[in-house]
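The next block holds one structure in the form of structure tokens; read it before the comments.
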Amino acid sequence: MASEENVVALCDVNEQALAAAAQKFPNAKHYVDWRKCLDQKDLDAVICSTTDFTHAFVANWALNRNFHVYCEKPLGITVEEARVVRANYLKRKDKVATQVGTQRHANPNFNRVREIILDGGVGTLQHVHAWGNRQIRRKEYLPGEGEVPPYLHYDLWLGPAPYHPYNKGYFGGCLAWNMYWDFGAGQIGDMGSHTIDLAWNAMDAELPTSAEAHGEPFNPDVTPVDLTATFEFPANKWRPPIRYTWYQGAHKPNRLEGEINVEKIGHGALFVGDKGFLVADFTKNELLPRNQEAGLAHYKPRPKEEQIPDMGNFQEQWINACKGDLKTSCDFKYSGDAIETMLLGLVAYRAEKKILYDGKNGRVTNANEANKFLRRDYRDGWTLDG
């Protein structure tokens with residue numbers, strides 16, 4: 001993606017990684033602190049592939065400078081972060097192109113699923129189940145171990161997160177660190193971002209009015225692996241109120257709605273309507289009738305010439321949008337709403353009760369003590385709105 005563009009700046013807290021990138025882009029300036037990088041005067045667009053707990057920071061600072069932004073998922077790890085970045089984008093949506101890195105969205109199956117739901121394949125949509133089977137278990141933050149390598153700017157890696165002593169176990173990809181509360185949102189933010197995208201693309205939902213969740217006992221260091229969260233959404237112009245239920249870890253079901261077998265689908269969704277069921281993963285789908293005698297007579301698939309066009313390369317869509325109409329499939333409004341929903345599941349889990357949510361104002365209305373879980377504190381010297 002970037003190799004065909006004019007790359008003028010590179011930034012990484014790992015100087016070895018920075019040096020490797022510099023071989024490919026020898027004319028780019030080098031930084032280890034993204035805050036300084038964003039002040040370079042000739043920037044137009046920014047790609048953020050940092051740690052989950054700095055995504056909202058980089059994205060928001062870049063928007064403040066009217067840069068186009070491609071940000072890896074999740075857009076934030078708290079409800080507040082998702083809301084701040086989305087609001088900033090909406091103020092500038094006529095100036096900048098944004099995209100959240102849920103690249104599976106480019107699979108043609110996403111559009112086929114949307115068409116089936118919109119065209120009444122399941123009848124009136126009532127409930128969407130989605131799940132992920134990944135189980136990465138941690139017990140607690142790692143103890144200090146070993147010296148920080150000379151090429152790693154560890155304090156900058158920590159950034160806004162509370163201080164934790166260096167341990168090489170936090171490194172080696174996002175799955176090494178994103179299960180910890182201070183560093184990520186666990187599976188809600190990881191594969192949950194991809195899987196809700198499959199459902200969100202067809203639901204045409206915005207923010208839920210309630211969330212409830214249950215899972216393994218709360219661990220103050222580590223996000224839950226085993227969790228079920230259910231959300232309620234109001235009616236829109238084409239459907240009545242619906243529910244969305246997310247299952248992760250050992251809570252992943254093998255069967256749903258009685259006899260629908262989803263055992264072999266690691267990450268997927270089941271759309272439930274009054275006339276049928278649609279089972280889907282990222283690349284394929286199967287439509288099943290609710291009434292065997294009636295079958296699928298109520299539904300006629302679109303002819304190929306009337307299907308939603310394939311989007312092509314996901315990253316190129318954003319680059320072309322930066323140079324053109326600014327429109328992308330997973331902009332900070334679409335993806336901000338989706339991740340805010342998922343993160344409300346963690347709020348309900350921590351509150352240990354069903355919460356009622358005012359999406360306009362971003363507040364839990366029936367349990368004031370839950371509102372503290374909508375946000376997190378940052379280390380001195382770090383601000384979300386720089």
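Here's how to read the names in the structure tokens: chain A, B, ... by the order shown, residue numbers from 1 in each chain, ligand numbers from 1 in the order shown.
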
**Message:** Please list as JSON, numbers by chain every residue within 6 Å of region 51-62 of chain A, counting only C-alpha atoms and excluding residues in the same chain fewer than 5 positions away.
**Reply:** {"A": [67, 75, 76, 81, 85, 183, 184, 384, 386]}

Those residues with N, CA and C atoms, as a PDB file, in the first residue's frame please?
ATOM      1  N   PHE A  67      -5.399  15.710   9.211  1.00  0.00           N
ATOM      2  CA  PHE A  67      -4.799  14.650   8.420  1.00  0.00           C
ATOM      3  C   PHE A  67      -5.834  13.562   8.150  1.00  0.00           C
ATOM      4  N   LEU A  75     -10.492   1.238  17.453  1.00  0.00           N
ATOM      5  CA  LEU A  75     -10.315   2.681  17.414  1.00  0.00           C
ATOM      6  C   LEU A  75      -9.976   3.240  18.789  1.00  0.00           C
ATOM      7  N   GLY A  76     -10.432   2.595  19.841  1.00  0.00           N
ATOM      8  CA  GLY A  76     -10.104   2.969  21.205  1.00  0.00           C
ATOM      9  C   GLY A  76     -10.316   1.769  22.101  1.00  0.00           C
ATOM     10  N   GLU A  81     -12.863   7.014  24.670  1.00  0.00           N
ATOM     11  CA  GLU A  81     -11.928   7.179  23.550  1.00  0.00           C
ATOM     12  C   GLU A  81     -12.654   7.062  22.219  1.00  0.00           C
ATOM     13  N   VAL A  85     -12.881  10.320  19.494  1.00  0.00           N
ATOM     14  CA  VAL A  85     -12.346  10.246  18.132  1.00  0.00           C
ATOM     15  C   VAL A  85     -13.471  10.361  17.114  1.00  0.00           C
ATOM     16  N   PHE A 183      -3.433  -2.204  28.621  1.00  0.00           N
ATOM     17  CA  PHE A 183      -2.851  -2.254  27.278  1.00  0.00           C
ATOM     18  C   PHE A 183      -3.857  -2.580  26.170  1.00  0.00           C
ATOM     19  N   GLY A 184      -5.065  -2.964  26.505  1.00  0.00           N
ATOM     20  CA  GLY A 184      -6.014  -3.330  25.461  1.00  0.00           C
ATOM     21  C   GLY A 184      -7.389  -3.611  26.026  1.00  0.00           C
ATOM     22  N   LEU A 384      -5.238  13.016  25.494  1.00  0.00           N
ATOM     23  CA  LEU A 384      -5.942  12.469  24.340  1.00  0.00           C
ATOM     24  C   LEU A 384      -6.187  13.525  23.284  1.00  0.00           C
ATOM     25  N   GLY A 386      -4.388  16.359  21.884  1.00  0.00           N
ATOM     26  CA  GLY A 386      -3.223  17.214  21.677  1.00  0.00           C
ATOM     27  C   GLY A 386      -3.130  17.798  20.295  1.00  0.00           C
TER      28      GLY A 386
END

**12 Å contact set for Gln40 (chain A), only C-alpha atoms, chain neighbours under 4 positions out, as a ChimeraX atom specification** = /A:8-11,28-31,33-36,44-46,62,65,67

**Message:** Give me the residues near region 340-355 of chain A as an MDAnalysis selection string, where near means some atom within 9 Å (using only C-alpha atoms) and where sequence neighbours in that chain fewer than 2 positions away do not count.
**Reply:** chainID A and resid 76:83 185 188:189 192:193 196 206:215 218 223:224 227:231 246 335:338 357 364:367 369:374

**Request:** Might you pull out every residue within 12 Å of Ile136 (chain A), with only C-alpha atoms counted and same-chain residues fewer than 2 positions away left off, and present them as a ChimeraX atom specification?
**Result:** /A:132-134,138-139,174-180,186-187,190-191,222-226,248-250

**Asked** Looking only at the backbone, which of the residues in region 145-267 of chain A does DSSP tag as helix (DSSP H, G or I), as JSON, numbers by chain?
**Response** {"A": [154, 155, 156, 157, 158, 168, 169, 170, 174, 175, 176, 186, 187, 188, 189, 191, 192, 193, 194, 195, 196, 197, 198, 199, 200, 201, 202, 203, 249, 250, 251]}

Could you save the residues just selected, with C-alpha atoms, as a short mmCIF file (atom, residue, chain, number, x, y, z; two decimals), in the first residue's frame?
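Resulting contents of again-v1.cif:
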data_model
loop_
_atom_site.label_atom_id
_atom_site.label_comp_id
_atom_site.auth_asym_id
_atom_site.auth_seq_id
_atom_site.Cartn_x
_atom_site.Cartn_y
_atom_site.Cartn_z
CA TYR A 154 10.16 1.48 26.52
CA ASP A 155 8.78 4.58 28.20
CA LEU A 156 7.39 5.73 24.86
CA TRP A 157 5.96 2.26 24.29
CA LEU A 158 4.07 2.62 27.57
CA LYS A 168 9.95 -9.09 27.17
CA GLY A 169 6.72 -11.09 27.51
CA TYR A 170 4.75 -7.98 26.56
CA CYS A 174 -0.63 -7.65 19.93
CA LEU A 175 -1.59 -10.98 21.50
CA ALA A 176 1.30 -10.60 23.92
CA GLY A 186 -8.92 -8.22 25.16
CA GLN A 187 -10.98 -10.14 22.63
CA ILE A 188 -13.69 -7.48 22.63
CA GLY A 189 -11.22 -5.19 20.90
CA MET A 191 -11.28 -10.35 16.98
CA GLY A 192 -14.44 -8.81 18.39
CA SER A 193 -13.77 -5.80 16.15
CA HIS A 194 -13.65 -8.00 13.06
CA THR A 195 -16.66 -10.12 13.97
CA ILE A 196 -19.00 -7.30 14.92
CA ASP A 197 -18.07 -5.75 11.57
CA LEU A 198 -19.65 -8.75 9.83
CA ALA A 199 -22.86 -8.19 11.80
CA TRP A 200 -22.73 -4.38 11.91
CA ASN A 201 -22.52 -4.14 8.13
CA ALA A 202 -25.95 -5.77 7.89
CA MET A 203 -27.67 -4.49 11.05
CA GLY A 249 -13.77 -17.91 24.72
CA ALA A 250 -15.38 -20.90 26.41
CA HIS A 251 -18.78 -19.17 26.08
#

**Proximity to Ile308 (chain A) - best of A:Arg363, A:His164, A:Arg114, A:His127, only C-alpha atoms** =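 Between A:Arg363, A:His164, A:Arg114, A:His127, the residue approaching Ile308 (chain A) most closely is A:Arg114.
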
**Close residues, Asn66 (chain A) itself excluded, 12 Å, only C-alpha atoms, min 3 positions apart in chain, as a list in words** =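 With the cut-off at 12 Å, the set is Leu38, Asp39, Lys41, Leu43, Asp44, Ala45, Val46, Ala59, Asn60, Trp61, Ala62, Leu63, Val69, Asn88, Tyr89, Leu90, Lys91, Arg92, Lys93, Asp94, Lys95, Val96, Ala97, Thr98 and Cys322 of chain A.
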
Return as a PDB file with N, CA and C atoms, in the first residue's frame the full set of residues in region 231-311 of chain A whose backbone-based DSSP assignment is strand (DSSP E or B).
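Writing the result to selection-v7.pdb gives the following:
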ATOM      1  N   PHE A 231     -26.813  -6.822  23.819  1.00  0.00           N
ATOM      2  CA  PHE A 231     -27.130  -5.415  23.630  1.00  0.00           C
ATOM      3  C   PHE A 231     -28.502  -5.293  22.975  1.00  0.00           C
ATOM      4  N   GLU A 232     -29.215  -4.244  23.330  1.00  0.00           N
ATOM      5  CA  GLU A 232     -30.514  -3.963  22.720  1.00  0.00           C
ATOM      6  C   GLU A 232     -30.418  -2.676  21.903  1.00  0.00           C
ATOM      7  N   PHE A 233     -30.993  -2.717  20.694  1.00  0.00           N
ATOM      8  CA  PHE A 233     -30.969  -1.577  19.787  1.00  0.00           C
ATOM      9  C   PHE A 233     -32.390  -1.162  19.434  1.00  0.00           C
ATOM     10  N   ASN A 236     -35.285   0.942  13.605  1.00  0.00           N
ATOM     11  CA  ASN A 236     -34.903   1.943  12.612  1.00  0.00           C
ATOM     12  C   ASN A 236     -35.937   1.918  11.488  1.00  0.00           C
ATOM     13  N   ARG A 239     -36.644  -1.940  10.275  1.00  0.00           N
ATOM     14  CA  ARG A 239     -36.811  -3.096  11.150  1.00  0.00           C
ATOM     15  C   ARG A 239     -37.197  -2.658  12.562  1.00  0.00           C
ATOM     16  N   ILE A 242     -33.963  -4.769  17.851  1.00  0.00           N
ATOM     17  CA  ILE A 242     -33.259  -6.046  17.761  1.00  0.00           C
ATOM     18  C   ILE A 242     -32.266  -6.177  18.910  1.00  0.00           C
ATOM     19  N   ARG A 243     -31.787  -7.398  19.079  1.00  0.00           N
ATOM     20  CA  ARG A 243     -30.732  -7.675  20.052  1.00  0.00           C
ATOM     21  C   ARG A 243     -29.496  -8.195  19.322  1.00  0.00           C
ATOM     22  N   TYR A 244     -28.359  -7.945  19.934  1.00  0.00           N
ATOM     23  CA  TYR A 244     -27.085  -8.477  19.443  1.00  0.00           C
ATOM     24  C   TYR A 244     -26.391  -9.127  20.623  1.00  0.00           C
ATOM     25  N   THR A 245     -25.971 -10.386  20.466  1.00  0.00           N
ATOM     26  CA  THR A 245     -25.283 -11.099  21.537  1.00  0.00           C
ATOM     27  C   THR A 245     -23.921 -11.557  21.055  1.00  0.00           C
ATOM     28  N   TRP A 246     -22.905 -11.245  21.847  1.00  0.00           N
ATOM     29  CA  TRP A 246     -21.521 -11.612  21.554  1.00  0.00           C
ATOM     30  C   TRP A 246     -21.072 -12.660  22.565  1.00  0.00           C
ATOM     31  N   TYR A 247     -20.465 -13.751  22.066  1.00  0.00           N
ATOM     32  CA  TYR A 247     -19.917 -14.816  22.908  1.00  0.00           C
ATOM     33  C   TYR A 247     -18.428 -14.937  22.608  1.00  0.00           C
ATOM     34  N   GLN A 248     -17.618 -15.112  23.646  1.00  0.00           N
ATOM     35  CA  GLN A 248     -16.191 -15.290  23.404  1.00  0.00           C
ATOM     36  C   GLN A 248     -15.613 -16.342  24.343  1.00  0.00           C
ATOM     37  N   ARG A 255     -24.221 -24.776  19.407  1.00  0.00           N
ATOM     38  CA  ARG A 255     -25.535 -24.713  18.758  1.00  0.00           C
ATOM     39  C   ARG A 255     -26.266 -23.469  19.238  1.00  0.00           C
ATOM     40  N   LEU A 256     -27.059 -22.897  18.332  1.00  0.00           N
ATOM     41  CA  LEU A 256     -27.848 -21.717  18.655  1.00  0.00           C
ATOM     42  C   LEU A 256     -29.265 -21.889  18.129  1.00  0.00           C
ATOM     43  N   ILE A 260     -29.258 -24.982  15.310  1.00  0.00           N
ATOM     44  CA  ILE A 260     -28.325 -24.421  14.332  1.00  0.00           C
ATOM     45  C   ILE A 260     -26.903 -24.730  14.783  1.00  0.00           C
ATOM     46  N   ASN A 261     -26.209 -25.556  14.026  1.00  0.00           N
ATOM     47  CA  ASN A 261     -24.876 -26.024  14.392  1.00  0.00           C
ATOM     48  C   ASN A 261     -23.818 -25.016  13.939  1.00  0.00           C
ATOM     49  N   HIS A 267     -15.064 -17.953  14.176  1.00  0.00           N
ATOM     50  CA  HIS A 267     -15.570 -16.595  14.327  1.00  0.00           C
ATOM     51  C   HIS A 267     -16.678 -16.407  13.300  1.00  0.00           C
ATOM     52  N   GLY A 268     -17.858 -16.040  13.771  1.00  0.00           N
ATOM     53  CA  GLY A 268     -18.965 -15.930  12.832  1.00  0.00           C
ATOM     54  C   GLY A 268     -20.177 -15.273  13.443  1.00  0.00           C
ATOM     55  N   ALA A 269     -21.280 -15.304  12.692  1.00  0.00           N
ATOM     56  CA  ALA A 269     -22.515 -14.657  13.128  1.00  0.00           C
ATOM     57  C   ALA A 269     -23.713 -15.452  12.647  1.00  0.00           C
ATOM     58  N   LEU A 270     -24.779 -15.402  13.421  1.00  0.00           N
ATOM     59  CA  LEU A 270     -26.067 -15.999  13.060  1.00  0.00           C
ATOM     60  C   LEU A 270     -27.117 -14.904  13.125  1.00  0.00           C
ATOM     61  N   PHE A 271     -27.757 -14.650  11.989  1.00  0.00           N
ATOM     62  CA  PHE A 271     -28.819 -13.661  11.903  1.00  0.00           C
ATOM     63  C   PHE A 271     -30.155 -14.388  12.009  1.00  0.00           C
ATOM     64  N   VAL A 272     -30.980 -13.958  12.941  1.00  0.00           N
ATOM     65  CA  VAL A 272     -32.239 -14.636  13.230  1.00  0.00           C
ATOM     66  C   VAL A 272     -33.402 -13.742  12.822  1.00  0.00           C
ATOM     67  N   GLY A 273     -34.275 -14.268  11.971  1.00  0.00           N
ATOM     68  CA  GLY A 273     -35.469 -13.539  11.571  1.00  0.00           C
ATOM     69  C   GLY A 273     -36.713 -14.376  11.766  1.00  0.00           C
ATOM     70  N   GLY A 276     -36.336 -17.043   8.723  1.00  0.00           N
ATOM     71  CA  GLY A 276     -35.154 -17.842   8.437  1.00  0.00           C
ATOM     72  C   GLY A 276     -33.967 -17.459   9.281  1.00  0.00           C
ATOM     73  N   PHE A 277     -32.865 -18.178   9.025  1.00  0.00           N
ATOM     74  CA  PHE A 277     -31.598 -17.961   9.719  1.00  0.00           C
ATOM     75  C   PHE A 277     -30.498 -17.822   8.672  1.00  0.00           C
ATOM     76  N   LEU A 278     -29.565 -16.938   8.918  1.00  0.00           N
ATOM     77  CA  LEU A 278     -28.394 -16.817   8.061  1.00  0.00           C
ATOM     78  C   LEU A 278     -27.154 -17.040   8.910  1.00  0.00           C
ATOM     79  N   VAL A 279     -26.399 -18.087   8.578  1.00  0.00           N
ATOM     80  CA  VAL A 279     -25.152 -18.389   9.265  1.00  0.00           C
ATOM     81  C   VAL A 279     -24.005 -17.907   8.383  1.00  0.00           C
ATOM     82  N   ALA A 280     -23.053 -17.181   8.972  1.00  0.00           N
ATOM     83  CA  ALA A 280     -21.974 -16.631   8.156  1.00  0.00           C
ATOM     84  C   ALA A 280     -20.674 -16.577   8.935  1.00  0.00           C
ATOM     85  N   ASN A 285     -21.533 -17.947   3.569  1.00  0.00           N
ATOM     86  CA  ASN A 285     -22.779 -17.882   4.322  1.00  0.00           C
ATOM     87  C   ASN A 285     -23.727 -18.986   3.869  1.00  0.00           C
ATOM     88  N   GLU A 286     -24.705 -19.284   4.730  1.00  0.00           N
ATOM     89  CA  GLU A 286     -25.737 -20.273   4.405  1.00  0.00           C
ATOM     90  C   GLU A 286     -27.064 -19.786   4.956  1.00  0.00           C
ATOM     91  N   LEU A 287     -28.061 -19.720   4.093  1.00  0.00           N
ATOM     92  CA  LEU A 287     -29.404 -19.291   4.472  1.00  0.00           C
ATOM     93  C   LEU A 287     -30.269 -20.513   4.733  1.00  0.00           C
ATOM     94  N   LEU A 288     -30.915 -20.530   5.901  1.00  0.00           N
ATOM     95  CA  LEU A 288     -31.735 -21.669   6.320  1.00  0.00           C
ATOM     96  C   LEU A 288     -33.151 -21.202   6.621  1.00  0.00           C
ATOM     97  N   PRO A 289     -34.175 -21.972   6.203  1.00  0.00           N
ATOM     98  CA  PRO A 289     -35.552 -21.565   6.487  1.00  0.00           C
ATOM     99  C   PRO A 289     -35.922 -21.851   7.939  1.00  0.00           C
TER     100      PRO A 289
END

**Message:** List as a PyMOL selection string the protein and nucleic acid residues near Gly312 (chain A), meaning an atom at most 9 Å away when only C-alpha atoms are counted, but skip any in the same chain fewer than 6 places from it.
**Reply:** chain A and resi 106-108

Mind writing the picked residues with C-alpha atoms as an mmCIF file, in the first residue's frame?
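So again34.cif came out as:
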data_model
loop_
_atom_site.group_PDB
_atom_site.id
_atom_site.type_symbol
_atom_site.label_atom_id
_atom_site.label_comp_id
_atom_site.auth_asym_id
_atom_site.auth_seq_id
_atom_site.Cartn_x
_atom_site.Cartn_y
_atom_site.Cartn_z
ATOM 1 C CA ALA A 106 -13.225 -6.295 1.826
ATOM 2 C CA ASN A 107 -14.303 -9.941 1.532
ATOM 3 C CA PRO A 108 -17.215 -10.093 -0.953
#
